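Asker: Below you'll find protein.txt; it's compact mmCIF, C-alpha atoms.
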# COMPACT_ATOMS: atom_id res chain seq x y z
CA MET A 5 120.33 142.16 144.68
CA THR A 6 121.57 142.37 148.22
CA HIS A 7 121.24 138.93 149.80
CA HIS A 8 122.65 135.69 148.50
CA ALA A 9 122.75 132.14 149.66
CA PRO A 10 126.08 130.51 148.88
CA ASP A 11 126.10 127.82 146.25
CA HIS A 12 126.28 124.90 148.65
CA GLU A 13 123.37 126.19 150.75
CA LEU A 14 121.31 126.85 147.69
CA ASP A 15 122.15 123.47 146.19
CA THR A 16 121.09 121.74 149.40
CA LEU A 17 117.80 123.59 149.42
CA LEU A 18 117.19 122.84 145.76
CA ARG A 19 117.83 119.14 146.32
CA GLU A 20 115.88 118.79 149.54
CA ARG A 21 113.13 121.37 149.49
CA VAL A 22 111.94 121.31 145.91
CA GLU A 23 109.54 118.48 145.24
CA ASP A 24 108.79 116.95 141.89
CA PRO A 25 105.33 117.40 140.38
CA PRO A 26 103.00 114.46 141.05
CA VAL A 27 103.01 111.77 138.40
CA PRO A 28 99.54 110.99 137.00
CA SER A 29 98.36 107.46 137.70
CA SER A 30 97.48 107.01 134.01
CA LEU A 31 101.04 107.66 132.82
CA HIS A 32 102.31 104.08 132.75
CA ALA A 33 99.19 102.64 131.13
CA GLY A 34 99.19 105.41 128.52
CA ILE A 35 102.79 104.80 127.55
CA MET A 36 102.33 101.03 127.35
CA ALA A 37 99.15 101.40 125.29
CA THR A 38 101.05 103.61 122.83
CA LEU A 39 103.87 101.10 122.60
CA GLU A 40 101.42 98.24 122.16
CA ARG A 41 99.80 100.01 119.20
CA GLU A 42 103.21 100.59 117.65
CA HIS A 43 104.15 96.96 118.23
CA ARG A 44 100.99 95.82 116.43
CA HIS A 45 101.65 98.15 113.51
CA LYS A 46 105.21 96.88 113.28
CA SER A 47 103.95 93.29 113.20
CA ARG A 48 101.50 94.18 110.44
CA ARG A 49 104.22 95.85 108.40
CA ARG A 50 106.41 92.77 108.76
CA ALA A 51 103.47 90.55 107.82
CA LEU A 52 102.76 92.66 104.75
CA GLY A 53 106.37 92.41 103.67
CA ALA A 54 106.33 88.66 104.23
CA THR A 55 103.09 88.35 102.27
CA ALA A 56 104.57 90.20 99.33
CA ALA A 57 107.62 87.96 99.51
CA ILE A 58 105.42 84.88 99.62
CA GLY A 59 103.42 86.01 96.59
CA LEU A 60 106.58 86.82 94.66
CA ALA A 61 108.22 83.53 95.62
CA ALA A 62 105.11 81.57 94.66
CA ALA A 63 104.80 83.36 91.32
CA LEU A 64 108.48 82.83 90.55
CA ALA A 65 108.33 79.19 91.54
CA VAL A 66 105.28 78.48 89.41
CA GLY A 67 106.78 80.43 86.52
CA VAL A 68 109.99 78.47 86.66
CA PHE A 69 108.18 75.15 86.86
CA ALA A 70 105.81 76.10 84.06
CA SER A 71 108.72 77.04 81.86
CA ARG A 72 110.48 73.75 82.59
CA SER A 73 107.25 71.87 82.00
CA ALA A 74 106.77 73.48 78.61
CA SER A 75 110.31 72.58 77.71
CA THR A 76 109.76 68.99 78.81
CA HIS A 77 106.56 68.81 76.82
CA HIS A 78 108.35 69.96 73.66
CA GLN A 79 111.13 67.46 74.09
CA HIS A 80 108.89 64.59 75.09
CA PRO A 81 105.37 65.13 73.72
CA GLY A 82 102.73 63.32 75.70
CA ARG A 83 104.81 63.07 78.83
CA ILE A 84 103.43 64.80 81.85
CA PRO A 85 106.18 66.63 83.65
CA THR A 86 106.47 65.70 87.29
CA ILE A 87 108.28 68.52 88.91
CA PRO A 88 107.25 68.59 92.55
CA LEU A 89 106.28 71.84 94.13
CA ALA A 90 105.52 70.32 97.50
CA SER A 91 108.94 71.07 98.87
CA LEU A 92 108.47 74.81 98.66
CA ARG A 93 108.58 76.15 102.18
CA ILE A 94 108.83 79.74 103.20
CA ASN A 95 109.69 80.59 106.77
CA THR A 96 108.24 83.96 107.57
CA GLU A 97 109.25 84.06 111.24
CA ILE A 98 105.84 85.45 112.03
CA PRO A 99 103.74 83.81 114.71
CA PRO A 100 100.26 82.91 113.39
CA LEU A 101 98.41 85.33 115.65
CA ALA A 102 100.54 88.22 114.46
CA LEU A 103 99.32 87.73 110.90
CA PRO A 104 96.20 89.89 110.65
CA THR A 105 93.15 88.63 108.86
CA ALA A 106 93.51 91.18 106.06
CA TYR A 107 96.98 89.97 105.18
CA ARG A 108 96.01 86.33 105.62
CA ASN A 109 93.28 86.94 103.06
CA LEU A 110 95.70 88.79 100.81
CA ALA A 111 98.16 85.90 100.98
CA THR A 112 95.40 83.44 100.17
CA SER A 113 94.14 85.48 97.24
CA THR A 114 97.70 85.86 95.96
CA ALA A 115 98.08 82.10 95.95
CA ALA A 116 94.69 81.72 94.30
CA ALA A 117 95.66 84.20 91.59
CA VAL A 118 98.77 82.18 90.91
CA ALA A 119 96.82 78.92 90.80
CA ALA A 120 93.87 80.12 88.69
CA PRO A 121 95.54 80.39 85.26
CA LEU A 122 96.98 76.95 85.83
CA ASN A 123 93.61 75.51 86.70
CA ALA A 124 95.47 74.00 89.59
CA PRO A 125 94.21 72.96 93.02
CA LEU A 126 96.76 75.07 94.78
CA ASN A 127 96.26 74.78 98.50
CA PHE A 128 97.44 77.65 100.58
CA SER A 129 97.42 77.47 104.32
CA ILE A 130 99.05 79.22 107.21
CA PRO A 131 99.45 76.54 109.85
CA GLY A 132 102.07 78.37 111.87
CA PRO A 133 105.33 80.19 111.50
CA THR A 134 106.14 78.09 108.47
CA LEU A 135 104.13 78.61 105.33
CA ARG A 136 103.80 75.76 102.88
CA LEU A 137 102.51 75.59 99.35
CA PRO A 138 101.84 71.88 98.95
CA THR A 139 100.39 71.07 95.59
CA GLU A 140 100.29 68.70 92.70
CA ILE A 141 99.70 70.84 89.64
CA PRO A 142 98.14 69.18 86.59
CA TRP A 143 100.80 70.39 84.26
CA ARG A 144 99.16 68.72 81.25
CA ALA A 145 96.41 71.34 81.15
CA LEU A 146 98.87 74.18 81.39
CA VAL A 147 101.25 72.76 78.83
CA GLU A 148 98.59 71.78 76.33
CA GLU A 149 96.89 75.11 76.63
CA GLY A 150 100.14 77.03 76.29
CA ASN A 151 101.56 74.80 73.54
CA PRO A 152 98.71 73.65 71.29
CA ALA A 153 101.08 71.71 69.08
CA MET B 19 99.71 90.33 120.40
CA ASN B 20 98.24 90.63 123.82
CA VAL B 21 100.43 92.39 126.28
CA THR B 22 99.64 92.24 129.95
CA MET B 23 100.27 95.55 131.60
CA ALA B 24 101.35 95.71 135.22
CA PHE B 25 100.60 98.89 137.07
CA ARG B 26 103.30 100.28 139.27
CA ASP B 27 102.57 102.12 142.48
CA LEU B 28 103.39 105.65 141.42
CA SER B 29 103.57 106.87 144.97
CA LEU B 30 106.85 105.01 145.45
CA PRO B 31 110.10 107.00 145.37
CA ALA B 32 111.84 107.44 142.06
CA PRO B 33 113.85 104.34 141.15
CA ASP B 34 117.64 104.31 141.20
CA THR B 35 118.75 104.99 137.65
CA THR B 36 122.14 103.33 137.80
CA ARG B 37 121.16 100.00 139.32
CA GLY B 38 118.83 99.27 136.45
CA ALA B 39 121.47 99.83 133.76
CA ASP B 40 122.36 96.16 133.29
CA ALA B 41 118.73 95.15 133.51
CA ASP B 42 117.90 97.81 130.92
CA GLY B 43 120.44 96.36 128.51
CA GLU B 44 119.08 92.84 128.85
CA ALA B 45 115.48 94.00 128.60
CA ILE B 46 116.23 96.06 125.51
CA ALA B 47 117.90 93.08 123.85
CA ARG B 48 114.76 91.02 124.47
CA THR B 49 112.57 93.86 123.25
CA LEU B 50 114.54 94.05 120.03
CA SER B 51 113.90 90.37 119.49
CA GLY B 52 110.15 91.13 119.47
CA ASP B 53 109.10 90.84 123.12
CA LEU B 54 107.33 94.10 124.00
CA ARG B 55 106.65 92.91 127.54
CA ALA B 56 110.38 92.98 128.21
CA PHE B 57 110.31 96.74 127.68
CA GLU B 58 107.74 97.38 130.38
CA PRO B 59 110.17 97.34 133.34
CA VAL B 60 112.37 99.78 131.42
CA VAL B 61 109.40 102.10 131.03
CA ALA B 62 108.59 101.71 134.73
CA ARG B 63 112.14 102.59 135.74
CA HIS B 64 112.35 105.79 133.69
CA GLU B 65 108.84 107.14 133.16
CA ARG B 66 108.86 109.28 136.29
CA ALA B 67 112.11 111.01 135.33
CA VAL B 68 110.87 111.55 131.78
CA TYR B 69 107.53 112.93 132.93
CA THR B 70 109.09 115.22 135.52
CA LEU B 71 111.58 116.64 133.04
CA LEU B 72 108.80 117.28 130.53
CA HIS B 73 106.55 118.80 133.17
CA ARG B 74 109.27 121.19 134.23
CA MET B 75 110.14 122.12 130.65
CA THR B 76 106.55 122.68 129.46
CA GLY B 77 104.83 123.71 132.69
CA SER B 78 101.84 121.58 131.73
CA ALA B 79 100.80 118.22 133.16
CA GLU B 80 98.79 117.35 130.06
CA ASP B 81 101.56 118.22 127.64
CA ALA B 82 104.03 116.32 129.80
CA GLU B 83 101.91 113.17 129.75
CA ASP B 84 101.42 113.36 125.97
CA LEU B 85 105.09 114.03 125.38
CA ALA B 86 106.10 111.20 127.71
CA GLN B 87 104.17 108.81 125.47
CA GLU B 88 105.78 110.36 122.41
CA THR B 89 109.21 110.07 124.03
CA PHE B 90 108.90 106.36 124.74
CA LEU B 91 107.45 105.77 121.30
CA LYS B 92 110.43 107.46 119.67
CA ALA B 93 112.78 105.51 121.93
CA TYR B 94 111.06 102.24 121.04
CA ARG B 95 111.36 102.99 117.33
CA ALA B 96 115.03 103.91 117.68
CA LEU B 97 115.91 101.14 120.12
CA ALA B 98 118.16 99.34 117.64
CA ARG B 99 120.42 102.42 117.53
CA PHE B 100 120.78 102.60 121.33
CA ASP B 101 124.25 101.63 122.57
CA ARG B 102 123.46 99.04 125.25
CA LYS B 103 126.84 99.50 126.88
CA ARG B 104 125.77 102.96 127.99
CA PRO B 105 123.09 103.94 130.53
CA PHE B 106 119.58 104.29 129.19
CA ARG B 107 118.51 107.24 131.36
CA PRO B 108 120.50 110.06 129.66
CA TRP B 109 119.49 108.70 126.26
CA ILE B 110 115.76 108.72 127.01
CA LEU B 111 116.02 112.12 128.71
CA ARG B 112 117.67 113.54 125.61
CA ILE B 113 114.80 112.25 123.50
CA ALA B 114 112.38 113.82 125.99
CA ALA B 115 114.15 117.19 125.91
CA ASN B 116 114.09 117.17 122.10
CA ALA B 117 110.41 116.24 122.15
CA ALA B 118 109.69 119.23 124.41
CA HIS B 119 111.51 121.56 122.04
CA GLN B 120 109.71 120.19 119.00
CA HIS B 121 106.41 120.53 120.84
CA ALA B 122 107.18 124.16 121.63
CA ARG B 123 108.06 124.85 117.99
CA ARG B 124 104.88 123.15 116.78
CA HIS B 125 102.77 125.30 119.06
CA ARG B 126 104.88 128.41 118.49
CA ARG B 127 105.68 128.70 122.16
CA VAL B 128 108.88 130.10 123.49
CA LEU B 129 110.27 127.62 125.97
CA VAL B 130 111.89 130.27 127.99
CA VAL B 131 115.07 130.05 126.37
CA SER B 132 118.05 127.96 125.58
CA LEU B 133 121.10 127.86 127.79
CA ASP B 134 123.01 129.85 125.20
CA ASP B 135 120.48 132.70 125.17
CA GLU B 136 119.49 132.75 128.79
CA PHE B 137 122.98 132.66 130.16
CA GLY B 138 124.76 134.62 127.53
CA GLU B 139 125.59 137.70 129.59
CA PRO B 140 128.84 138.14 131.50
CA ILE B 141 128.76 136.84 135.05
CA ASP B 142 130.25 138.06 138.27
CA ILE B 143 131.48 135.05 140.19
CA ALA B 144 132.33 137.11 143.27
CA ASP B 145 128.69 138.12 143.49
CA ASP B 146 127.77 134.70 144.88
CA ARG B 147 130.20 134.84 147.74
CA ALA B 148 128.38 137.63 149.51
CA ALA B 149 127.16 137.34 153.09
CA VAL B 150 124.02 135.36 153.81
CA PRO B 151 121.51 136.64 156.32
CA GLY B 152 119.97 133.75 158.21
CA ASP B 153 116.44 135.06 157.84
CA TYR B 154 116.82 135.03 154.08
CA LEU B 155 117.53 131.28 154.05
CA ALA B 156 114.74 130.73 156.57
CA ARG B 157 112.27 132.57 154.38
CA MET B 158 113.33 130.54 151.38
CA GLN B 159 112.43 127.39 153.25
CA ASP B 160 109.37 128.49 155.18
CA ALA B 161 107.51 130.08 152.35
CA ASN B 162 108.64 127.47 149.89
CA LEU B 163 109.59 130.35 147.68
CA LEU B 164 112.41 128.41 146.13
CA ALA B 165 109.99 125.76 144.92
CA ARG B 166 107.88 128.50 143.35
CA ALA B 167 110.94 129.97 141.70
CA VAL B 168 111.87 126.56 140.30
CA ALA B 169 108.32 126.08 139.07
CA GLU B 170 108.71 129.23 136.98
CA LEU B 171 111.60 127.71 135.04
CA ARG B 172 110.92 126.52 131.51
CA GLY B 173 112.82 125.04 128.62
CA GLU B 174 116.49 124.28 129.00
CA SER B 175 116.76 126.09 132.32
CA ALA B 176 114.18 123.69 133.70
CA ALA B 177 115.93 120.79 132.01
CA LEU B 178 119.22 121.86 133.53
CA PHE B 179 117.65 122.02 136.98
CA HIS B 180 116.16 118.57 136.62
CA LEU B 181 119.26 116.91 135.21
CA HIS B 182 121.60 118.46 137.78
CA TYR B 183 119.56 118.53 140.97
CA ARG B 184 117.14 115.65 140.54
CA GLU B 185 119.00 113.22 138.28
CA GLU B 186 122.36 114.34 139.69
CA LEU B 187 124.06 113.78 136.35
CA ALA B 188 127.63 114.91 135.78
CA VAL B 189 128.18 118.09 133.81
CA GLU B 190 129.60 116.10 130.89
CA THR B 191 126.54 113.86 130.81
CA ILE B 192 124.20 116.85 131.01
CA ALA B 193 126.08 118.44 128.15
CA GLU B 194 125.69 115.30 126.07
CA THR B 195 122.01 115.03 126.97
CA LEU B 196 121.27 118.62 126.00
CA GLY B 197 123.66 118.70 123.05
CA LYS B 198 125.83 121.42 124.62
CA ARG B 199 129.48 121.83 125.47
CA PRO B 200 130.43 121.01 129.09
CA ASN B 201 131.72 124.53 129.60
CA THR B 202 128.37 125.95 128.49
CA VAL B 203 126.60 123.76 131.00
CA ALA B 204 128.95 124.73 133.83
CA VAL B 205 128.35 128.42 133.16
CA ALA B 206 124.64 127.79 132.77
CA LEU B 207 124.49 126.11 136.18
CA HIS B 208 126.04 129.17 137.76
CA ARG B 209 123.55 131.40 136.02
CA LEU B 210 120.71 129.14 137.01
CA ARG B 211 121.54 129.71 140.66
CA GLN B 212 121.65 133.44 140.04
CA GLN B 213 118.32 133.30 138.25
CA LEU B 214 116.74 131.43 141.16
CA ARG B 215 118.14 133.89 143.70
CA HIS B 216 116.66 136.78 141.74
CA ALA B 217 113.34 134.98 141.47
CA VAL B 218 113.23 134.27 145.21
CA GLU B 219 114.08 137.85 146.03
CA ARG B 220 111.32 139.04 143.72
CA LEU B 221 108.84 136.70 145.36
CA ILE B 222 109.89 137.88 148.84
CA THR B 223 109.39 141.47 147.77
CA MET B 224 105.97 140.65 146.39
CA GLU B 225 104.97 138.98 149.65
CA GLU B 226 106.19 141.92 151.70
CA ARG B 227 104.05 144.30 149.68
CA ARG B 228 100.90 142.37 150.46
Kindly return the structure encoded in the file as structure tokens.

Answerer:
Amino acid sequence: MTHHAPDHELDTLLRERVEDPPVPSSLHAGIMATLEREHRHKSRRRALGATAAIGLAAALAVGVFASRSASTHHQHPGRIPTIPLASLRINTEIPPLALPTAYRNLATSTAAAVAAPLNAPLNFSIPGPTLRLPTEIPWRALVEEGNPA
Amino acid sequence: MNVTMAFRDLSLPAPDTTRGADADGEAIARTLSGDLRAFEPVVARHERAVYTLLHRMTGSAEDAEDLAQETFLKAYRALARFDRKRPFRPWILRIAANAAHQHARRHRRVLVVSLDDEFGEPIDIADDRAAVPGDYLARMQDANLLARAVAELRGESAALFHLHYREELAVETIAETLGKRPNTVAVALHRLRQQLRHAVERLITMEERR
């Protein structure tokens, strides 16, 4: 090699004479579409986790109340236990639109599965970011069935 | 969730990377709270730099566009680990450089070479202080041979060119971005200039033979 540009000359040329490749016009839209898909998936994952938590919480709550009801029935035969379940509220922090239909259905069927053995009119609704399980369960049927004495 | 996408005029000059640092931090905080739209200006500020780096490293416009999407996706997933007190640009460029390497490994391509391999031979510093014929510099500019020589760069050599000459990052920041020691980067920069001089000379010779 016989000829050399000094560093500063070469650096100037590299900064000023070398152009960047053109950026495709679809780049921004492509990136945002990818991020939007990921955002939706993330919302679904959160919704699924919340649904599982709701189902577990509902099952636990009903189980606890059923156990207490049975105990009440044993101690006071003929008395219908009146343990309210209406105050159960679960805040999922999920906006309604972010809860996909599949998981909405899953949540509903989970609640229905909990209510069915109790023969209870368990209403399950998703009115907004707060989920409620308002119900009046006819504990007599449950208690009499579970404790024939 | 419906996200409205605004389309930026891509013919505009590359945005200033440092001015957006504070805005990046605020936007990232909002993004982490669940607002994807807040991330869009961050994408707009850095997508050109990411794409250009990837284009130089891979030599392919298609690969660069795919990898740019992959880069921002990885960044979005890892956003909670980003230190918002630091600038976003080197962080996203590091993700991009890693994505280019992974892509090369997946497709069994050799991304011409890491800094350690390419610039591993002894160097002669005095060699660069030699006399400079004016016609040599003129030919570099007129024939745009230097641009062609740069276009031949791949892998970390291309990344080094982009980070030093286009992003104008400090050697320490380049080292952090590429996961190298600062001394390695300083030596690599010297060798990069040598490599480009050789390439230009080769191109001149080729043109003279025509």

Asker: Please provide as a VMD selection string all residues within 9 Å of stretch 113-125 of chain B, with the sequence filter that same-chain residues fewer than 2 positions apart are discarded (counting all atoms listed in the file).

Answerer: chain B and resid 68 to 69 71 to 72 75 to 76 81 to 82 85 to 86 88 to 90 92 to 93 108 to 111 127 to 129 173 to 174 177 195 to 196

Asker: Next, write the just-selected residues to a file, as a tab-separated table (two decimals), in the frame of the given file, keeping C-alpha atoms as the atom set.

Answerer:
chain	number	residue	atom	x	y	z
B	68	VAL	CA	110.87	111.55	131.78
B	69	TYR	CA	107.53	112.93	132.93
B	71	LEU	CA	111.58	116.64	133.04
B	72	LEU	CA	108.80	117.28	130.53
B	75	MET	CA	110.14	122.12	130.65
B	76	THR	CA	106.55	122.68	129.46
B	81	ASP	CA	101.56	118.22	127.64
B	82	ALA	CA	104.03	116.32	129.80
B	85	LEU	CA	105.09	114.03	125.38
B	86	ALA	CA	106.10	111.20	127.71
B	88	GLU	CA	105.78	110.36	122.41
B	89	THR	CA	109.21	110.07	124.03
B	90	PHE	CA	108.90	106.36	124.74
B	92	LYS	CA	110.43	107.46	119.67
B	93	ALA	CA	112.78	105.51	121.93
B	108	PRO	CA	120.50	110.06	129.66
B	109	TRP	CA	119.49	108.70	126.26
B	110	ILE	CA	115.76	108.72	127.01
B	111	LEU	CA	116.02	112.12	128.71
B	127	ARG	CA	105.68	128.70	122.16
B	128	VAL	CA	108.88	130.10	123.49
B	129	LEU	CA	110.27	127.62	125.97
B	173	GLY	CA	112.82	125.04	128.62
B	174	GLU	CA	116.49	124.28	129.00
B	177	ALA	CA	115.93	120.79	132.01
B	195	THR	CA	122.01	115.03	126.97
B	196	LEU	CA	121.27	118.62	126.00

Asker: Write out as a PyMOL selection string the residues lying within 10 Å of B:Val61, counting all atoms listed in the file and excluding same-chain residues fewer than 5 positions away.

Answerer: (chain A and resi 32+35-36) or (chain B and resi 42+56+66+68+90)

Asker: Figure out the distance between atom CA of B:Leu171 and atom CA of B:Asp84, please, to one decimal in Å.

Answerer: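 Separation of atom CA of B:Asp84 and atom CA of B:Leu171: 19.8 Å.
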
Asker: For atom CA of B:Ala45 and atom CA of B:Glu185, determine how far apart the two atoms are, in Å to one decimal place.

Answerer: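 Those two atoms sit 21.8 Å apart.
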
Asker: Give the residues of chain A that lie within 10 Å of chain B; count only C-alpha atoms, and format the answer as a ChimeraX atom specification.

Answerer: /A:5-11,13-44,46-47,99,101-103

Asker: If you measure from atom CA of B:Met224 to atom CA of B:Leu178, what distance in Å do you get, rounded to one decimal?

Answerer: 26.3 Å

Asker: Between B:Ser175, B:Thr223, B:Ile192, B:Arg228, which residue has the minimum interatomic distance to B:Ala206, considering all atoms listed in the file?

Answerer: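 Among the listed residues, the smallest separation from B:Ala206 belongs to B:Ser175.
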